[in-house]
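*Asks:* So here's structure_21.cif (mmCIF, C-alpha atoms).
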```
data_query
#
loop_
_atom_site.label_atom_id
_atom_site.label_comp_id
_atom_site.auth_asym_id
_atom_site.auth_seq_id
_atom_site.Cartn_x
_atom_site.Cartn_y
_atom_site.Cartn_z
CA MET H 1 13.58 -14.91 10.80
CA LEU H 2 13.85 -11.66 12.74
CA ALA H 3 16.72 -10.58 10.48
CA LEU H 4 14.55 -11.23 7.42
CA ILE H 5 11.72 -9.12 8.89
CA GLU H 6 14.16 -6.31 9.66
CA ALA H 7 15.55 -6.49 6.13
CA ALA H 8 12.05 -6.35 4.63
CA GLY H 9 11.15 -3.21 6.58
CA TRP H 10 7.79 -2.11 7.94
CA PRO H 11 5.75 -3.06 4.80
CA ILE H 12 6.18 -6.73 5.79
CA TRP H 13 3.97 -6.35 8.89
CA PRO H 14 0.61 -6.15 7.05
CA LEU H 15 1.65 -9.26 5.11
CA ILE H 16 2.54 -11.12 8.31
CA PHE H 17 -0.82 -10.13 9.78
CA ALA H 18 -2.60 -11.32 6.61
CA SER H 19 -0.68 -14.61 6.67
CA VAL H 20 -1.68 -15.30 10.29
CA ILE H 21 -5.36 -14.67 9.49
CA ALA H 22 -5.16 -16.85 6.35
CA LEU H 23 -3.53 -19.70 8.31
CA ALA H 24 -6.19 -19.47 11.04
CA ILE H 25 -8.99 -19.61 8.43
CA ILE H 26 -7.38 -22.57 6.64
CA ILE H 27 -7.05 -24.54 9.89
CA GLU H 28 -10.60 -23.68 11.02
CA ARG H 29 -12.21 -24.53 7.68
CA SER H 30 -10.18 -27.76 7.34
CA TYR H 31 -11.60 -28.87 10.68
CA THR H 32 -15.16 -27.61 10.11
CA LEU H 33 -15.67 -28.79 6.52
CA ARG H 34 -15.13 -32.48 7.18
CA ALA H 35 -17.62 -34.40 5.04
CA ARG H 36 -18.57 -36.86 7.81
CA GLN H 37 -19.34 -33.96 10.12
CA ILE H 38 -21.41 -32.00 7.57
CA ASN H 39 -23.32 -34.91 6.05
CA PRO H 40 -22.93 -38.07 8.17
CA PRO H 41 -23.20 -41.33 6.19
CA ASN H 42 -26.68 -42.92 6.11
CA LEU H 43 -28.21 -40.01 8.04
CA LEU H 44 -31.30 -39.91 5.83
CA GLU H 45 -31.95 -43.64 6.20
CA GLN H 46 -31.43 -43.51 9.98
CA THR H 47 -33.72 -40.50 10.26
CA LEU H 48 -36.50 -42.15 8.26
CA GLU H 49 -36.21 -45.29 10.39
CA ILE H 50 -36.53 -43.26 13.60
CA VAL H 51 -39.50 -41.32 12.20
CA ARG H 52 -41.25 -44.56 11.20
CA ARG H 53 -40.72 -46.01 14.70
CA GLN H 54 -41.31 -42.94 16.90
CA GLY H 55 -42.92 -40.38 14.64
CA VAL H 56 -41.80 -36.76 14.53
CA ASN H 57 -41.44 -35.21 17.97
CA GLY H 58 -39.48 -32.39 19.58
CA ASP H 59 -36.70 -34.66 20.84
CA VAL H 60 -36.09 -36.19 17.42
CA LEU H 61 -36.06 -32.77 15.73
CA LYS H 62 -33.74 -31.29 18.37
CA ALA H 63 -31.25 -34.19 18.15
CA LEU H 64 -31.32 -33.99 14.37
CA SER H 65 -30.86 -30.19 14.27
CA GLU H 66 -27.95 -30.24 16.70
CA GLY H 67 -26.23 -33.25 15.17
CA SER H 68 -25.01 -31.85 11.85
CA PRO H 69 -25.76 -29.26 9.15
CA MET H 70 -27.48 -31.96 7.08
CA GLY H 71 -29.55 -32.78 10.14
CA ARG H 72 -30.68 -29.15 10.32
CA VAL H 73 -31.94 -29.36 6.75
CA LEU H 74 -33.74 -32.66 7.33
CA ALA H 75 -35.29 -31.35 10.56
CA ALA H 76 -36.68 -28.34 8.68
CA GLY H 77 -38.33 -30.70 6.21
CA LEU H 78 -39.72 -32.98 8.94
CA ARG H 79 -41.29 -30.00 10.72
CA ASN H 80 -43.48 -29.68 7.61
CA LEU H 81 -44.01 -33.41 7.20
CA ASN H 82 -47.77 -33.11 6.81
CA ALA H 83 -47.63 -30.02 4.60
CA SER H 84 -47.79 -29.96 0.81
CA ARG H 85 -44.82 -31.00 -1.29
CA GLU H 86 -44.13 -27.37 -2.29
CA LEU H 87 -44.17 -26.11 1.31
CA MET H 88 -41.88 -28.92 2.42
CA LYS H 89 -39.42 -28.16 -0.41
CA GLU H 90 -39.54 -24.46 0.43
CA SER H 91 -38.67 -25.13 4.09
CA LEU H 92 -35.79 -27.39 3.01
CA GLU H 93 -34.49 -24.69 0.65
CA GLU H 94 -34.60 -22.04 3.40
CA ALA H 95 -32.69 -24.29 5.80
CA GLY H 96 -30.25 -25.13 2.98
CA ARG H 97 -29.53 -21.45 2.38
CA ALA H 98 -28.76 -20.94 6.08
CA VAL H 99 -26.48 -24.00 6.10
CA ALA H 100 -24.73 -22.81 2.90
CA HIS H 101 -24.05 -19.46 4.55
CA ASP H 102 -22.44 -21.24 7.53
CA LEU H 103 -20.34 -23.49 5.29
CA GLU H 104 -19.05 -20.48 3.32
CA ARG H 105 -18.08 -18.56 6.47
CA TYR H 106 -14.64 -16.90 6.27
CA LEU H 107 -14.08 -18.01 2.66
CA THR H 108 -14.63 -14.46 1.39
CA SER H 109 -11.94 -13.27 3.81
CA LEU H 110 -9.54 -15.95 2.58
CA GLY H 111 -10.21 -14.98 -1.05
CA THR H 112 -9.66 -11.32 -0.19
CA ILE H 113 -6.30 -12.12 1.41
CA ALA H 114 -5.31 -14.13 -1.68
CA SER H 115 -6.15 -11.10 -3.85
CA VAL H 116 -4.68 -8.40 -1.63
CA ALA H 117 -1.40 -10.08 -0.58
CA PRO H 118 0.34 -9.51 -3.96
CA LEU H 119 -0.77 -5.86 -3.85
CA LEU H 120 0.73 -5.49 -0.36
CA GLY H 121 3.92 -7.06 -1.73
CA LEU H 122 3.84 -4.58 -4.60
CA LEU H 123 3.43 -1.73 -2.11
CA GLY H 124 6.57 -2.94 -0.34
CA THR H 125 8.34 -3.08 -3.70
CA VAL H 126 7.39 0.52 -4.47
CA ILE H 127 8.54 1.66 -1.02
CA GLY H 128 11.83 -0.19 -1.55
CA MET H 129 12.29 1.52 -4.93
CA VAL H 130 11.62 4.92 -3.34
CA GLU H 131 14.34 4.15 -0.79
CA ILE H 132 16.72 3.14 -3.58
CA PHE H 133 16.18 6.40 -5.45
CA GLY H 134 16.31 8.35 -2.20
CA SER H 135 19.74 6.91 -1.45
CA GLN H 136 21.18 8.43 -4.63
CA THR H 137 22.82 11.84 -4.24
CA PRO H 138 24.76 14.02 -6.70
CA THR H 139 28.01 12.95 -5.06
CA GLY H 140 27.18 9.23 -5.20
CA GLY H 141 25.00 6.66 -3.52
CA ASN H 142 24.91 5.26 -0.02
CA PRO H 143 25.60 1.51 -0.42
CA ALA H 144 23.87 0.60 2.87
CA ALA H 145 20.71 2.54 1.97
CA LEU H 146 20.80 1.08 -1.55
CA ALA H 147 21.08 -2.48 -0.19
CA HIS H 148 18.27 -1.85 2.28
CA GLY H 149 15.98 -0.51 -0.46
CA ILE H 150 16.67 -3.55 -2.64
CA SER H 151 15.95 -5.95 0.23
CA VAL H 152 12.69 -4.14 1.07
CA ALA H 153 11.60 -4.35 -2.58
CA LEU H 154 12.47 -8.03 -3.08
CA TYR H 155 11.45 -9.49 0.28
CA ASN H 156 8.01 -7.88 0.18
CA THR H 157 7.35 -9.07 -3.36
CA ALA H 158 8.37 -12.61 -2.46
CA PHE H 159 6.42 -12.69 0.81
CA GLY H 160 3.32 -11.29 -0.89
CA LEU H 161 3.39 -14.21 -3.32
CA ILE H 162 4.16 -16.70 -0.54
CA VAL H 163 0.99 -15.58 1.26
CA ALA H 164 -1.20 -15.25 -1.86
CA ILE H 165 -0.49 -18.57 -3.58
CA PRO H 166 -1.46 -20.96 -0.72
CA SER H 167 -4.40 -18.71 0.20
CA MET H 168 -5.76 -18.90 -3.35
CA ILE H 169 -5.21 -22.67 -3.54
CA PHE H 170 -7.08 -23.28 -0.28
CA TYR H 171 -9.81 -20.79 -1.21
CA ARG H 172 -10.48 -22.66 -4.45
CA PHE H 173 -10.27 -26.01 -2.65
CA PHE H 174 -12.76 -24.99 0.05
CA ARG H 175 -15.14 -23.41 -2.51
CA GLY H 176 -15.17 -26.66 -4.47
CA LYS H 177 -15.68 -28.70 -1.31
CA VAL H 178 -18.59 -26.51 -0.15
CA ASP H 179 -20.23 -26.72 -3.58
CA ALA H 180 -19.92 -30.53 -3.59
CA LEU H 181 -21.34 -30.78 -0.07
CA LEU H 182 -24.28 -28.54 -0.95
CA VAL H 183 -25.11 -30.59 -4.05
CA GLU H 184 -25.02 -33.79 -1.99
CA MET H 185 -27.19 -32.23 0.72
CA GLU H 186 -29.69 -31.00 -1.88
CA GLN H 187 -29.97 -34.49 -3.33
CA GLN H 188 -30.57 -35.96 0.15
CA ALA H 189 -33.25 -33.33 0.88
CA LEU H 190 -35.05 -34.07 -2.40
CA ARG H 191 -34.93 -37.78 -1.60
CA LEU H 192 -36.60 -37.03 1.73
CA VAL H 193 -39.42 -35.19 -0.04
CA ASP H 194 -39.88 -37.99 -2.59
CA ILE H 195 -39.87 -40.76 0.04
CA VAL H 196 -42.25 -38.96 2.42
CA HIS H 197 -44.78 -38.12 -0.29
CA ALA H 198 -44.50 -41.58 -1.88
CA GLU H 199 -45.25 -43.18 1.50
CA ARG H 200 -48.13 -40.78 2.10
CA LYS H 201 -49.80 -41.98 -1.09
#
```
Please re-express this file's structure in structure tokens.
*Replies:*
Amino acid sequence: MLALIEAAGWPIWPLIFASVIALAIIIERSYTLRARQINPPNLLEQTLEIVRRQGVNGDVLKALSEGSPMGRVLAAGLRNLNASRELMKESLEEAGRAVAHDLERYLTSLGTIASVAPLLGLLGTVIGMVEIFGSQTPTGGNPAALAHGISVALYNTAFGLIVAIPSMIFYRFFRGKVDALLVEMEQQALRLVDIVHAERK
């Protein structure tokens, strides 16, 4: 591995740094964006059952808010339980926007790495080509310098694609997962509004 890095030259270091960041984001988001952790099964039904038994109090709201992102949204709605339908929906939407921002954390960085990695590889390719042309003299070329320039050009191109392709795949995967989670959470929040106002009547 060290020999490969030496052969690729200094342009490989920004790509290695980008790959480490991308891997860290992928691991973190894979752990954080687990569906059961974001929107636990039957949370709405359990919450409504607790509210019917105990009513809405600080302990219930605190436990709900700290339990999961979906719980934060439901807690925001329950804080406005006696308000109008519009005010309750507005509070749910505000909490939903905050939760969406948290779910999308680091995804912009991952998308940026996916876009920039091929350009960093191209930069290494250009630097390798400069070395190749620099090795040529009127009396002939230096084979060692020529070989080094070719390796810099090819290794950086390849490594740029190796970093970019998985980063783009995971970026698209996480974006789709976040969108699906947000749609599901929105449906749950609207169900809360409908159930609460139906019971009030």
*Asks:* Between H:Val56, H:Pro69, H:Gly128, H:Ala158, which one has atoms that come closest to Leu146 of chain H, using only C-alpha atoms?
*Replies:*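 Between H:Val56, H:Pro69, H:Gly128, H:Ala158, the residue approaching Leu146 of chain H most closely is H:Gly128.
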*Asks:* Just say which residues the PyMOL selection byres ((chain H and resi 64) around 12) picks in this file, as an MDAnalysis selection string.
*Replies:* chainID H and resid 39:40 43:44 46:48 50:51 56:63 65:79
*Asks:* For Trp13 of chain H, which residue out of H:Val130, H:Val193, H:Ile165, H:Ala117 is the nearest one, using all atoms listed in the file?
*Replies:*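 The answer is H:Ala117, which sits nearest to Trp13 of chain H.
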*Asks:* Kindly resolve the PyMOL selection byres ((chain H and resi 11) around 9) on the present coordinates and return the residues as a list in words.
*Replies:*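 Applied to this file, the PyMOL selection byres ((chain H and resi 11) around 9) returns Ala8, Gly9, Trp10, Ile12, Trp13, Pro14, Leu15, Leu120, Gly121, Leu123, Gly124, Thr125, Ile127, Val152 and Asn156 of chain H.
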*Asks:* Figure out the distance between atom CA of Leu181 of chain H and atom CA of Asn82 of chain H, please, to one decimal in Å.
*Replies:*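 Atom-to-atom, atom CA of Asn82 of chain H and atom CA of Leu181 of chain H are spaced 27.4 Å apart.
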*Asks:* Between atom CA of Leu154 of chain H and atom CA of Leu110 of chain H, measure the distance and give it in Å to one decimal.
*Replies:* 24.1 Å
*Asks:* Take atom CA of Gly111 of chain H and atom CA of Phe170 of chain H and report the distance between them in Å, one decimal.
*Replies:*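 Going from atom CA of Gly111 of chain H over to atom CA of Phe170 of chain H covers 8.9 Å.
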*Asks:* Neighbours of Glu93 of chain H within 9 Å (all atoms listed in the file; same-chain residues fewer than 3 positions away dropped), as a ChimeraX atom specification?
*Replies:* /H:73,88-90,96-98,186,189
*Asks:* Within 9 Å of (-14.2, -20.6, 10.7) (file coordinates; all atoms listed in the file), which protein or nucleic acid residues are there? I'd like them as a list in words.
*Replies:* Ala24, Ile25, Ile26, Ile27, Glu28, Arg29, Ser30, Tyr31, Thr32, Asp102, Leu103, Glu104, Arg105, Tyr106 and Leu107 of chain H
*Asks:* Take the residues just selected and output them with C-alpha atoms as a short mmCIF file (atom, residue, chain, number, x, y, z; two decimals), in the frame of the given file.
*Replies:*
```cif
data_model
loop_
_atom_site.label_atom_id
_atom_site.label_comp_id
_atom_site.auth_asym_id
_atom_site.auth_seq_id
_atom_site.Cartn_x
_atom_site.Cartn_y
_atom_site.Cartn_z
CA ALA H 24 -6.19 -19.47 11.04
CA ILE H 25 -8.99 -19.61 8.43
CA ILE H 26 -7.38 -22.57 6.64
CA ILE H 27 -7.05 -24.54 9.89
CA GLU H 28 -10.60 -23.68 11.02
CA ARG H 29 -12.21 -24.53 7.68
CA SER H 30 -10.18 -27.76 7.34
CA TYR H 31 -11.60 -28.87 10.68
CA THR H 32 -15.16 -27.61 10.11
CA ASP H 102 -22.44 -21.24 7.53
CA LEU H 103 -20.34 -23.49 5.29
CA GLU H 104 -19.05 -20.48 3.32
CA ARG H 105 -18.08 -18.56 6.47
CA TYR H 106 -14.64 -16.90 6.27
CA LEU H 107 -14.08 -18.01 2.66
#
```
